[in-house]
$ cat protein.txt   # compact mmCIF, C-alpha atoms
# COMPACT_ATOMS: atom_id res chain seq x y z
CA MET N 1 1.33 9.01 0.01
CA ASN N 2 -2.40 8.72 0.69
CA ILE N 3 -4.34 6.89 -2.04
CA TYR N 4 -6.49 10.00 -2.51
CA ASP N 5 -3.38 11.88 -3.61
CA ARG N 6 -2.76 9.43 -6.45
CA LYS N 7 -3.28 10.81 -9.95
CA ILE N 8 -5.90 8.98 -12.04
CA LEU N 9 -6.17 9.11 -15.84
CA LEU N 10 -9.70 8.59 -17.24
CA VAL N 11 -10.06 7.70 -20.92
CA ASP N 12 -13.52 7.51 -22.54
CA ASP N 13 -14.99 8.99 -25.73
CA ASN N 14 -18.37 9.55 -24.07
CA ARG N 15 -17.82 13.01 -22.61
CA GLU N 16 -20.94 12.91 -20.45
CA LEU N 17 -19.86 9.62 -18.87
CA LEU N 18 -16.30 10.88 -18.55
CA MET N 19 -17.42 13.93 -16.57
CA MET N 20 -19.73 11.80 -14.43
CA ILE N 21 -16.90 9.45 -13.48
CA ARG N 22 -14.58 12.39 -12.82
CA ASP N 23 -17.12 14.12 -10.57
CA THR N 24 -17.93 10.87 -8.74
CA LEU N 25 -14.27 10.26 -7.95
CA ARG N 26 -13.77 13.86 -6.88
CA ARG N 27 -16.71 13.68 -4.47
CA SER N 28 -15.13 10.54 -3.04
CA GLY N 29 -11.90 12.42 -2.29
CA TYR N 30 -9.78 11.85 -5.43
CA THR N 31 -8.71 15.34 -6.50
CA ARG N 32 -5.92 14.61 -8.99
CA ILE N 33 -7.87 13.44 -12.04
CA VAL N 34 -6.96 13.99 -15.69
CA THR N 35 -9.10 13.04 -18.69
CA ALA N 36 -8.75 12.11 -22.35
CA GLU N 37 -11.35 11.25 -24.99
CA ASN N 38 -9.24 9.27 -27.46
CA VAL N 39 -5.99 7.34 -27.82
CA LYS N 40 -3.98 10.33 -29.05
CA GLU N 41 -5.00 12.50 -26.11
CA ALA N 42 -4.46 9.62 -23.70
CA VAL N 43 -0.90 9.00 -24.89
CA GLU N 44 -0.05 12.70 -24.62
CA CYS N 45 -1.65 12.95 -21.19
CA PHE N 46 0.12 9.81 -19.99
CA GLY N 47 3.53 11.20 -20.95
CA LYS N 48 2.87 14.64 -19.50
CA GLU N 49 0.97 13.81 -16.30
CA GLU N 50 2.56 10.47 -15.28
CA PRO N 51 -0.62 9.10 -13.66
CA ASP N 52 -0.61 6.55 -10.87
CA MET N 53 -3.64 4.68 -12.28
CA ALA N 54 -5.64 4.58 -15.51
CA ILE N 55 -9.29 3.77 -16.21
CA LEU N 56 -9.60 2.87 -19.90
CA ASP N 57 -12.63 2.51 -22.11
CA ILE N 58 -12.13 -0.30 -24.64
CA MET N 59 -13.86 1.19 -27.69
CA LEU N 60 -12.24 4.51 -28.67
CA PRO N 61 -12.63 6.52 -31.91
CA ASP N 62 -8.98 6.16 -32.97
CA GLY N 63 -8.10 2.80 -31.47
CA ASP N 64 -8.91 0.64 -28.48
CA GLY N 65 -8.12 0.36 -24.79
CA PHE N 66 -6.23 -2.90 -25.18
CA THR N 67 -3.67 -1.29 -27.49
CA LEU N 68 -3.47 1.70 -25.17
CA PHE N 69 -2.87 -0.65 -22.27
CA ARG N 70 0.11 -2.21 -24.07
CA ARG N 71 1.60 1.21 -24.81
CA PHE N 72 1.33 2.28 -21.19
CA ARG N 73 2.84 -0.93 -19.90
CA GLU N 74 5.90 -0.51 -22.13
CA THR N 75 7.17 2.16 -19.73
CA SER N 76 5.06 1.86 -16.58
CA ASP N 77 3.48 -0.76 -14.35
CA LEU N 78 0.67 1.53 -13.19
CA PRO N 79 -2.57 -0.29 -12.29
CA ILE N 80 -5.24 -0.26 -15.01
CA LEU N 81 -8.99 -0.86 -14.86
CA PHE N 82 -10.90 -1.52 -18.08
CA LEU N 83 -14.29 0.13 -18.52
CA SER N 84 -16.50 -1.15 -21.33
CA ALA N 85 -20.05 -1.41 -22.60
CA LYS N 86 -19.27 -4.94 -23.66
CA ASP N 87 -20.30 -7.68 -21.29
CA GLU N 88 -18.65 -10.56 -23.09
CA ASP N 89 -16.48 -13.08 -21.31
CA ASN N 90 -13.91 -13.07 -24.12
CA ASP N 91 -13.28 -9.33 -23.77
CA ARG N 92 -13.14 -9.53 -19.99
CA LEU N 93 -10.76 -12.48 -20.04
CA PHE N 94 -8.63 -10.86 -22.74
CA GLY N 95 -8.29 -7.68 -20.71
CA LEU N 96 -7.45 -9.51 -17.52
CA GLY N 97 -5.11 -11.77 -19.48
CA LEU N 98 -3.14 -8.73 -20.60
CA GLY N 99 -2.48 -7.99 -16.95
CA ALA N 100 -5.24 -5.50 -16.14
CA ASP N 101 -6.04 -5.08 -12.46
CA ASP N 102 -9.83 -5.09 -12.92
CA TYR N 103 -12.65 -4.90 -15.47
CA ILE N 104 -16.06 -3.33 -15.05
CA THR N 105 -18.91 -3.15 -17.56
CA LYS N 106 -21.40 -0.37 -18.29
CA PRO N 107 -23.84 0.38 -16.86
CA PHE N 108 -22.34 0.26 -13.39
CA LEU N 109 -23.04 1.66 -9.95
CA SER N 110 -20.93 4.72 -9.19
CA GLN N 111 -20.12 3.43 -5.72
CA GLU N 112 -18.95 0.12 -7.17
CA LEU N 113 -16.43 1.94 -9.35
CA VAL N 114 -15.22 4.00 -6.39
CA LEU N 115 -14.76 0.87 -4.29
CA ARG N 116 -12.86 -0.90 -7.05
CA VAL N 117 -10.59 2.09 -7.63
CA GLY N 118 -9.84 2.31 -3.91
CA ALA N 119 -9.12 -1.40 -3.66
CA ILE N 120 -6.72 -1.30 -6.62
CA LEU N 121 -4.83 1.72 -5.30
CA LYS N 122 -4.52 0.27 -1.80
CA ARG N 123 -3.43 -3.12 -3.11
CA THR N 124 -0.86 -1.62 -5.46
CA TYR N 125 0.69 1.22 -3.52
CA ALA N 126 0.30 0.08 0.07
CA THR N 127 2.21 -3.09 -0.83
CA ARG N 128 4.94 -1.17 -2.66
CA GLU N 129 5.38 1.35 0.13
CA ARG N 130 5.45 -1.42 2.72
CA ASP N 131 8.11 -3.33 0.77
CA GLU N 132 10.19 -0.16 0.37
CA LYS N 133 9.84 0.57 4.07
CA LYS N 134 11.14 -2.88 4.98
CA ASP N 135 14.52 -2.18 3.39
CA GLU N 136 15.09 1.23 4.90
CA GLU N 137 17.56 2.09 7.60
CA VAL N 138 15.28 3.68 10.16
CA SER N 139 15.90 5.59 13.36
CA LEU N 140 14.43 5.18 16.81
CA GLY N 141 15.98 7.87 18.97
CA ASP N 142 19.73 7.35 18.88
CA ARG N 143 19.33 3.82 17.52
CA ARG N 144 19.48 3.11 13.78
CA ILE N 145 17.98 -0.13 12.54
CA SER N 146 19.20 -1.62 9.27
CA PHE N 147 16.70 -4.22 8.12
CA ALA N 148 18.96 -5.22 5.22
CA GLU N 149 21.86 -5.98 7.58
CA GLY N 150 19.82 -7.09 10.59
CA LEU N 151 21.66 -4.66 12.85
CA VAL N 152 20.87 -2.08 15.50
CA LYS N 153 23.49 0.68 15.40
CA THR N 154 24.30 3.29 18.00
CA GLY N 155 27.45 5.35 17.75
CA ASP N 156 30.20 2.93 16.77
CA THR N 157 28.38 -0.05 18.28
CA GLU N 158 26.47 -2.61 16.23
CA ILE N 159 24.13 -5.18 17.77
CA ALA N 160 22.90 -8.09 15.67
CA LEU N 161 19.21 -8.99 15.59
CA THR N 162 18.16 -12.62 15.54
CA ALA N 163 16.00 -13.81 12.64
CA LYS N 164 12.82 -13.78 14.76
CA GLU N 165 13.62 -10.39 16.26
CA LEU N 166 14.09 -9.00 12.76
CA ILE N 167 10.73 -10.40 11.61
CA LEU N 168 8.92 -9.02 14.64
CA LEU N 169 10.55 -5.60 14.33
CA LYS N 170 9.72 -5.43 10.60
CA LYS N 171 6.11 -6.25 11.34
CA LEU N 172 5.93 -3.54 13.97
CA TRP N 173 7.71 -1.02 11.73
CA GLU N 174 5.33 -1.71 8.81
CA ASN N 175 2.50 -0.73 11.17
CA GLN N 176 4.31 1.99 13.09
CA GLY N 177 1.93 3.93 15.28
CA ARG N 178 -0.72 1.19 15.19
CA ILE N 179 -1.28 -1.79 17.47
CA VAL N 180 -0.09 -5.11 16.09
CA THR N 181 -1.96 -7.93 17.79
CA PHE N 182 -0.30 -10.88 19.49
CA ASP N 183 -1.77 -13.18 16.83
CA ALA N 184 -0.45 -11.03 13.97
CA LEU N 185 3.05 -11.05 15.42
CA CYS N 186 3.02 -14.80 15.99
CA GLU N 187 1.69 -15.41 12.49
CA ALA N 188 4.54 -13.34 11.06
CA ALA N 189 7.26 -15.04 13.12
CA TRP N 190 6.00 -18.60 13.54
CA GLN N 191 3.07 -18.91 11.10
CA ASP N 192 0.87 -19.81 14.03
CA SER N 193 -1.58 -18.24 16.47
CA TYR N 194 -0.63 -16.69 19.80
CA TYR N 195 -1.80 -19.75 21.76
CA GLY N 196 1.26 -21.62 22.96
CA TYR N 197 3.66 -18.79 22.09
CA GLU N 198 2.76 -16.40 24.91
CA ASN N 199 6.04 -16.75 26.80
CA THR N 200 8.15 -17.07 23.64
CA LEU N 201 6.80 -13.82 22.22
CA MET N 202 7.30 -12.05 25.54
CA VAL N 203 10.94 -13.15 25.66
CA HIS N 204 11.59 -11.93 22.11
CA ILE N 205 9.98 -8.58 22.87
CA ARG N 206 12.11 -8.22 25.99
CA HIS N 207 15.27 -8.95 23.97
CA LEU N 208 14.19 -6.46 21.29
CA ARG N 209 13.72 -3.78 23.92
CA GLU N 210 17.19 -4.48 25.27
CA LYS N 211 18.56 -3.74 21.80
CA ILE N 212 16.47 -0.76 20.65
CA GLU N 213 15.62 1.03 23.92
CA GLU N 214 17.87 3.27 25.99
CA ASP N 215 16.03 2.08 29.09
CA PRO N 216 14.36 -1.32 28.39
CA SER N 217 12.54 -1.20 31.75
CA HIS N 218 10.82 2.03 30.68
CA PRO N 219 10.41 1.64 26.91
CA ARG N 220 9.98 4.69 24.75
CA TRP N 221 9.45 2.95 21.41
CA LEU N 222 8.23 -0.63 21.75
CA LEU N 223 5.07 -0.15 23.78
CA THR N 224 2.61 -2.67 25.17
CA ALA N 225 -1.08 -2.41 24.35
CA ARG N 226 -2.37 -4.37 27.29
CA GLY N 227 -4.42 -7.39 26.33
CA LEU N 228 -4.04 -6.65 22.60
CA GLY N 229 -0.45 -6.64 21.39
CA TYR N 230 2.41 -4.19 20.88
CA ARG N 231 2.91 -0.87 19.13
CA LEU N 232 6.02 0.79 17.77
CA ALA N 233 5.67 4.49 18.58
CA LYS N 234 6.18 7.23 16.03
CA PRO N 235 8.73 9.92 17.00
CA GLN N 236 6.25 12.78 16.61
CA THR N 237 3.54 11.08 18.67
CA ASP N 238 5.66 9.45 21.36
CA LYS N 239 5.15 11.17 24.70
CA ALA N 240 6.47 10.58 28.18
CA GLY N 241 4.01 8.69 30.26
CA GLY N 242 2.42 6.88 27.32
CA ASP N 243 1.25 3.28 27.45
CA ARG N 244 4.21 1.05 28.04
$ encode --input "protein.txt" --output "structure tokens"
Amino acid sequence: MNIYDRKILLVDDNRELLMMIRDTLRRSGYTRIVTAENVKEAVECFGKEEPDMAILDIMLPDGDGFTLFRRFRETSDLPILFLSAKDEDNDRLFGLGLGADDYITKPFLSQELVLRVGAILKRTYATRERDEKKDEEVSLGDRRISFAEGLVKTGDTEIALTAKELILLKKLWENQGRIVTFDALCEAAWQDSYYGYENTLMVHIRHLREKIEEDPSHPRWLLTARGLGYRLAKPQTDKAGGDR
């Protein structure tokens, strides 16, 4: 899911500021925004809407954002950003100490808030989706790759991947459709730069192709981006005659 499709809950008792933040986020591409002006409304909205992120004011007419934070975290680990007029280190440290993802004080630049919201959503959900993707059993043509088992399956045949092949294939799969540089692959597999591993990486890629490609000499999935790295093609974008 794109970060702009994530639902954001805004909680602030200053209605003018609340609408300003809502409109700012909407202009930046966030369309799923719900609002509340006090703790009671926020709790009801949280249960009904199941937001992916919350922006909480600290001072509210019927409670405070810290208490609201604790209530949310009893049932959800959604990322939370505190928004407050207070610019005191104790409040900031207390909020971050609770486990908040960020803290911003009023007045603030609208673009700063947008950047912080984007950074939190990317950090939270890109990581989760990447971790989930690692454990999937995925398909490349008639080959099925089980990352959990370290196997390439086709029909009744199972071919084991070596530890390095598994790491390299995971890295490529996490970035499917995008070029993964030589350095990035070597960092993942050997915690080192490409220098000195040129031939080693090439050998591992050749062995991977032998296991996941129908015709390793004319790869359909594991493609070479000349001078840059390798790319694992997506089924819907893979075309005959592409870069190989």
$ residues_around --input "protein.txt" --residues "Lys164 in chain N" --least-positions-apart "2" --cutoff "8 Å" --atoms "all atoms listed in the file" --output "MDAnalysis selection string"
chainID N and resid 162 166:168 189 204
$ atom_distance --input "protein.txt" --atom1 "CA of Arg116 in chain N" --atom2 "CA of Ala36 in chain N"
20.5 Å
$ atom_distance --input "protein.txt" --atom1 "CA of Pro107 in chain N" --atom2 "CA of Gly65 in chain N"
17.6 Å
$ atom_distance --input "protein.txt" --atom1 "CA of Ser110 in chain N" --atom2 "CA of Ala126 in chain N"
23.6 Å
$ residues_around --input "protein.txt" --residues "Ile58 in chain N" --least-positions-apart "2" --cutoff "7 Å" --atoms "all atoms listed in the file" --output "PyMOL selection string"
chain N and resi 56+60+64-66+82-84
$ closest_residue --input "protein.txt" --among "N:Thr24, N:Asn14, N:Ser217, N:Gln191" --to "Val117 in chain N" --atoms "all atoms listed in the file"
N:Thr24
$ closest_residue --input "protein.txt" --among "N:Gly99, N:Gly229, N:Gly141, N:Gly63" --to "Val43 in chain N" --atoms "only C-alpha atoms"
N:Gly63
$ residues_around --input "protein.txt" --residues "Ile145 in chain N" --least-positions-apart "5" --cutoff "12 Å" --atoms "all atoms listed in the file" --output "JSON, numbers by chain"
{"N": [133, 134, 135, 136, 137, 138, 139, 140, 150, 151, 152, 153, 154, 157, 158, 159, 160, 161, 165, 166, 169, 170, 173, 208, 211, 212, 213]}
$ residues_around --input "protein.txt" --residues "range 37-39 of chain N" --least-positions-apart "6" --cutoff "7 Å" --atoms "only C-alpha atoms" --output "ChimeraX atom specification"
/N:11-13,60-63,68
$ build_atoms --input "protein.txt" --residues "range 201-219 of chain N" --atoms "N, CA and C atoms" --output "compact mmCIF listing (two decimals), in the frame of the given file"
# COMPACT_ATOMS: atom_id res chain seq x y z
N LEU N 201 6.92 -15.17 22.76
CA LEU N 201 6.80 -13.82 22.22
C LEU N 201 7.27 -12.80 23.24
N MET N 202 6.90 -12.99 24.50
CA MET N 202 7.30 -12.05 25.54
C MET N 202 8.81 -11.98 25.67
N VAL N 203 9.48 -13.11 25.57
CA VAL N 203 10.94 -13.15 25.66
C VAL N 203 11.57 -12.39 24.50
N HIS N 204 11.04 -12.61 23.28
CA HIS N 204 11.59 -11.93 22.11
C HIS N 204 11.38 -10.42 22.19
N ILE N 205 10.24 -10.01 22.71
CA ILE N 205 9.98 -8.58 22.87
C ILE N 205 10.93 -7.99 23.90
N ARG N 206 11.18 -8.71 24.97
CA ARG N 206 12.11 -8.22 25.99
C ARG N 206 13.51 -8.05 25.39
N HIS N 207 13.95 -9.03 24.60
CA HIS N 207 15.27 -8.95 23.97
C HIS N 207 15.33 -7.80 22.97
N LEU N 208 14.24 -7.59 22.24
CA LEU N 208 14.19 -6.46 21.29
C LEU N 208 14.33 -5.13 22.03
N ARG N 209 13.63 -5.01 23.13
CA ARG N 209 13.72 -3.78 23.92
C ARG N 209 15.14 -3.55 24.43
N GLU N 210 15.82 -4.62 24.79
CA GLU N 210 17.19 -4.48 25.27
C GLU N 210 18.11 -3.94 24.17
N LYS N 211 17.71 -4.17 22.92
CA LYS N 211 18.56 -3.74 21.80
C LYS N 211 18.17 -2.37 21.23
N ILE N 212 16.89 -2.01 21.31
CA ILE N 212 16.47 -0.76 20.65
C ILE N 212 16.13 0.35 21.64
N GLU N 213 16.00 0.02 22.92
CA GLU N 213 15.62 1.03 23.92
C GLU N 213 16.83 1.49 24.73
N GLU N 214 16.84 2.77 25.08
CA GLU N 214 17.87 3.27 25.99
C GLU N 214 17.65 2.71 27.38
N ASP N 215 16.39 2.62 27.78
CA ASP N 215 16.03 2.08 29.09
C ASP N 215 14.95 1.02 28.88
N PRO N 216 15.33 -0.25 28.69
CA PRO N 216 14.36 -1.32 28.39
C PRO N 216 13.26 -1.46 29.44
N SER N 217 13.55 -1.09 30.69
CA SER N 217 12.54 -1.20 31.75
C SER N 217 11.46 -0.13 31.62
N HIS N 218 11.79 0.95 30.92
CA HIS N 218 10.82 2.03 30.68
C HIS N 218 10.85 2.37 29.19
N PRO N 219 10.29 1.49 28.36
CA PRO N 219 10.41 1.64 26.91
C PRO N 219 9.78 2.92 26.38
